[in-house]
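Some notes on the structure that comes next.
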Amino acid sequence: MAEEDLAAWSSALRAEFPIVTGHPGLAYLDSAATAQKPRAVLEAVQEYLTTSNANAGRGTYPWANRTTNLIEETRGRVKAFLGDPDPDASSVHFVSGTTEGLRLVALDWLTHELRDGDEIVVPFADHEANVSPWLEAVAALDRRGTRVTVREMPYQLSSGDYDADRLAGLVSARTRFVAVTHVHHVYGGDMNVHRIRRAVGPDAVICMDAAQSVGHLPVSLEALDVDFAVFSGHKALALPGSGAVWSRGVRGAPFAPRGWSGTPNTVGIASLGAALDWLDRAGPARIGRWTVELAARLTDGLRTLAPYEVVGCQLSLAEGSPVQQRHGIVTFRHRDIDAADLGFILFSHGFMVRADGLCQGRAGENRSSVRVSLHAYNSRHEVDRLLEVLAELS
Ligand code: PLP
């Protein structure tokens, strides 16, 4: 699709987001935290609540049965959307978001799989939600006398992704579990997860935090060859407090969170199905191309403004770089203006951005920054206006 067509396509999609069109003076630039919802999702929620609202798996009357079916259908929908290579073997468990999902994998599954002397690999510069659950699991095992060694995932500073070669030298036959992230929530880069399987061998379980990729770009579990993929529905256009853990189910015991689980978030699940349908229609590949283009536009503009430093891999700022792409996420600092102050200043001009430490794990940035994160409904005009305001603060 030609560049102009992509802009027209985005502008047509933008009209489907009532909160965006209803606030023409505001620019929502925080979709990595929570994305806005298209009318189709809002209508699906209303439709569910006004035709079928009931508890799942408990009643025998039609509303309850419809709710039970809705949940089963949405499980299938998640598998299809993620390019699940073997939907008969895999499972989908609904959660409130990536944080809860990763913690369930850690505490309800990993603690039962690991044995004394095993090793795991943790990405300490990724989101804290993909760091602390694994350390909590190791601490819980330690209290039972099971010693597990934690290795730090190596990163390549030159390209900003994982260093698969160093990882290959770090793992051993005792490496049972490797945590990774698909797209980095601060730097916006693709972490090249498809290289991890070769580095860690056929037996290690790979768990992927897909919070910043599902709904933003095509995700193919077949190509990525991971065992778990966890994402937040609210970052993928569904309601807040929704999300899923997908488990391949071929390495280790089947993933089944322990204990009695109560009433599921049926409305969130209804919204997730509608959001995935909407994303399929819009086209994840197009969404990816558009948000990469907007992020590059912002990055290029920031390079010309002396007081700003774009955080992350500097190679991705270079013309023709192999890691040029930022997937809709650009994080930066002003030399003299504190990030929180910059956030307030930007809001006084109508821009809603994230401005803080960005929940990065302990090997991450230790200074606050401003993060702009974009989605299909953002426009070139918003990016250009933002750059104008940032230029005035130079
Ligand atoms: N992982 C990544 C990469 C994220 O960006 C986020 C949220 O920003 C999370 C995990 C946590 O997601 P949630 O707050 O939806 O549980």
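Here's how to read the names in the structure tokens: chain A, B, ... by the order shown, residue numbers from 1 in each chain, ligand numbers from 1 in the order shown.
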Inset, instruction - Quick one: everything within 12 Å of A:Leu6, counting only C-alpha atoms, minus sequence neighbours fewer than 3 positions away in the same chain. Send it as an NGL selection string. - result: :A and (1-3 or 9-13 or 282-283 or 285-294 or 376-380)
Inset, instruction - Dump the neighbourhood of ligand 1 as a PyMOL selection string: all residues within 7 Å, distances computed on only C-alpha atoms and all ligand atoms. - result: chain A and resi 32-33+96-100+126-127+129-130+181+183-185+209-212+232+234-235
Legend entry - Which of stretch 89-154 of chain A DSSP labels alpha helix (DSSP H), written as a PyMOL selection string: chain A and resi 98-104+111-113+132-143
Which stretch 234-352 of chain A residues have any atom within 12 Å of an atom of stretch 71-92 of chain A, and for each, what is the nearest pair of atoms with distance in Å to one decimal, counting only C-alpha atoms, rows sorted by chain and number, as CSV?
residue,atom,partner,partner_atom,distance
A:Ala236,CA,A:Val78,CA,11.6
A:Gly243,CA,A:Val92,CA,9.9
A:Ala244,CA,A:Val92,CA,6.4
A:Val245,CA,A:Val92,CA,5.6
A:Trp246,CA,A:Val92,CA,4.5
A:Ser247,CA,A:Ser91,CA,5.3
A:Arg248,CA,A:Ser90,CA,4.4
A:Gly249,CA,A:Ser90,CA,5.1
A:Val250,CA,A:Ala89,CA,7.3
A:Arg251,CA,A:Ser90,CA,10.8
A:Ala253,CA,A:Ser90,CA,11.7
A:Pro254,CA,A:Ser91,CA,8.3
A:Phe255,CA,A:Ser91,CA,7.6
A:Ala256,CA,A:Ser91,CA,8.8
A:Pro257,CA,A:Val92,CA,11.1
A:Thr263,CA,A:Ile71,CA,11.8
A:Pro264,CA,A:Ile71,CA,9.1
A:Asn265,CA,A:Ile71,CA,9.7
A:Thr266,CA,A:Ile71,CA,7.3
A:Val267,CA,A:Ile71,CA,9.9
A:Gly268,CA,A:Ile71,CA,10.1
A:Ile269,CA,A:Ile71,CA,6.6
A:Ala270,CA,A:Thr74,CA,7.5
A:Ser271,CA,A:Thr74,CA,9.6
A:Leu272,CA,A:Thr74,CA,7.5
A:Gly273,CA,A:Thr74,CA,5.3
A:Ala274,CA,A:Thr74,CA,9.0
A:Ala275,CA,A:Arg77,CA,10.3
A:Leu276,CA,A:Phe81,CA,6.9
A:Asp277,CA,A:Arg77,CA,8.3
A:Trp278,CA,A:Phe81,CA,11.1
A:Leu279,CA,A:Phe81,CA,9.1
A:Asp280,CA,A:Phe81,CA,7.7
A:Arg281,CA,A:Phe81,CA,11.4
A:Gly283,CA,A:Phe81,CA,10.9
A:Pro284,CA,A:Phe81,CA,9.8
I need the residues from that last selection saved to file as a short mmCIF file (atom, residue, chain, number, x, y, z; two decimals), in the first residue's frame (with C-alpha atoms), if you can.
data_model
loop_
_atom_site.label_atom_id
_atom_site.label_comp_id
_atom_site.auth_asym_id
_atom_site.auth_seq_id
_atom_site.Cartn_x
_atom_site.Cartn_y
_atom_site.Cartn_z
CA ALA A 236 -4.69 -4.63 22.11
CA GLY A 243 -5.48 -10.55 28.70
CA ALA A 244 -4.36 -14.09 28.04
CA VAL A 245 -1.69 -16.69 28.62
CA TRP A 246 -1.20 -18.92 25.60
CA SER A 247 0.65 -22.14 26.33
CA ARG A 248 1.95 -24.49 23.65
CA GLY A 249 1.63 -27.48 25.97
CA VAL A 250 4.45 -29.63 24.57
CA ARG A 251 7.34 -28.95 26.98
CA ALA A 253 3.36 -30.28 32.32
CA PRO A 254 0.29 -28.68 30.75
CA PHE A 255 -0.25 -25.14 32.03
CA ALA A 256 -3.21 -25.21 34.42
CA PRO A 257 -3.26 -22.53 37.10
CA THR A 263 -15.93 -15.89 37.89
CA PRO A 264 -13.95 -14.92 34.80
CA ASN A 265 -13.92 -11.40 33.36
CA THR A 266 -16.60 -12.26 30.83
CA VAL A 267 -17.02 -8.69 29.60
CA GLY A 268 -13.27 -8.37 29.12
CA ILE A 269 -13.23 -11.65 27.21
CA ALA A 270 -16.14 -10.48 25.01
CA SER A 271 -14.23 -7.29 24.31
CA LEU A 272 -11.06 -9.23 23.50
CA GLY A 273 -12.79 -11.33 20.85
CA ALA A 274 -14.21 -8.18 19.25
CA ALA A 275 -10.84 -6.43 19.45
CA LEU A 276 -9.06 -9.32 17.70
CA ASP A 277 -11.74 -9.33 14.99
CA TRP A 278 -11.26 -5.59 14.52
CA LEU A 279 -7.48 -5.95 14.41
CA ASP A 280 -7.75 -8.72 11.83
CA ARG A 281 -9.90 -6.48 9.65
CA GLY A 283 -4.53 -5.71 9.42
CA PRO A 284 -1.74 -6.07 11.99
#
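Minimum atom-to-atom distance to A:Arg303, evaluated using only C-alpha atoms, belongs to A:Ala391 out of A:Ala391, A:Leu342, A:Met352, A:Leu107.
Remark: for A:Leu217, the closest of the candidate residues A:Glu128, A:Asp190, A:Glu16, A:Glu119 is A:Asp190 (distances computed over only C-alpha atoms).
Comparing the minimum interatomic distances between A:Asn366 and each of A:Ala125, A:Ala295, A:Met208, A:Glu222, counting only C-alpha atoms, we find that A:Ala125 sits nearest.
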Inset, instruction - Identify, on the basis of only C-alpha atoms, every residue whose closest approach to A:Asp30 does not exceed 7 Å; exclude the query and any residue fewer than 6 positions from it along the same chain; express the result as a list in words. - result: Met352, Val353, Arg354, Val372, Ser373 and Leu374 of chain A
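Counting only C-alpha atoms, the residue from A:Gly328, A:Pro307, A:Gly201, A:Gly262 that sits nearest to A:Ala56 is A:Gly262.
You can rank A:His349, A:His375, A:His334, A:His112 by their closest distance to A:Arg14 using only C-alpha atoms, and at the top of that list sits A:His375.
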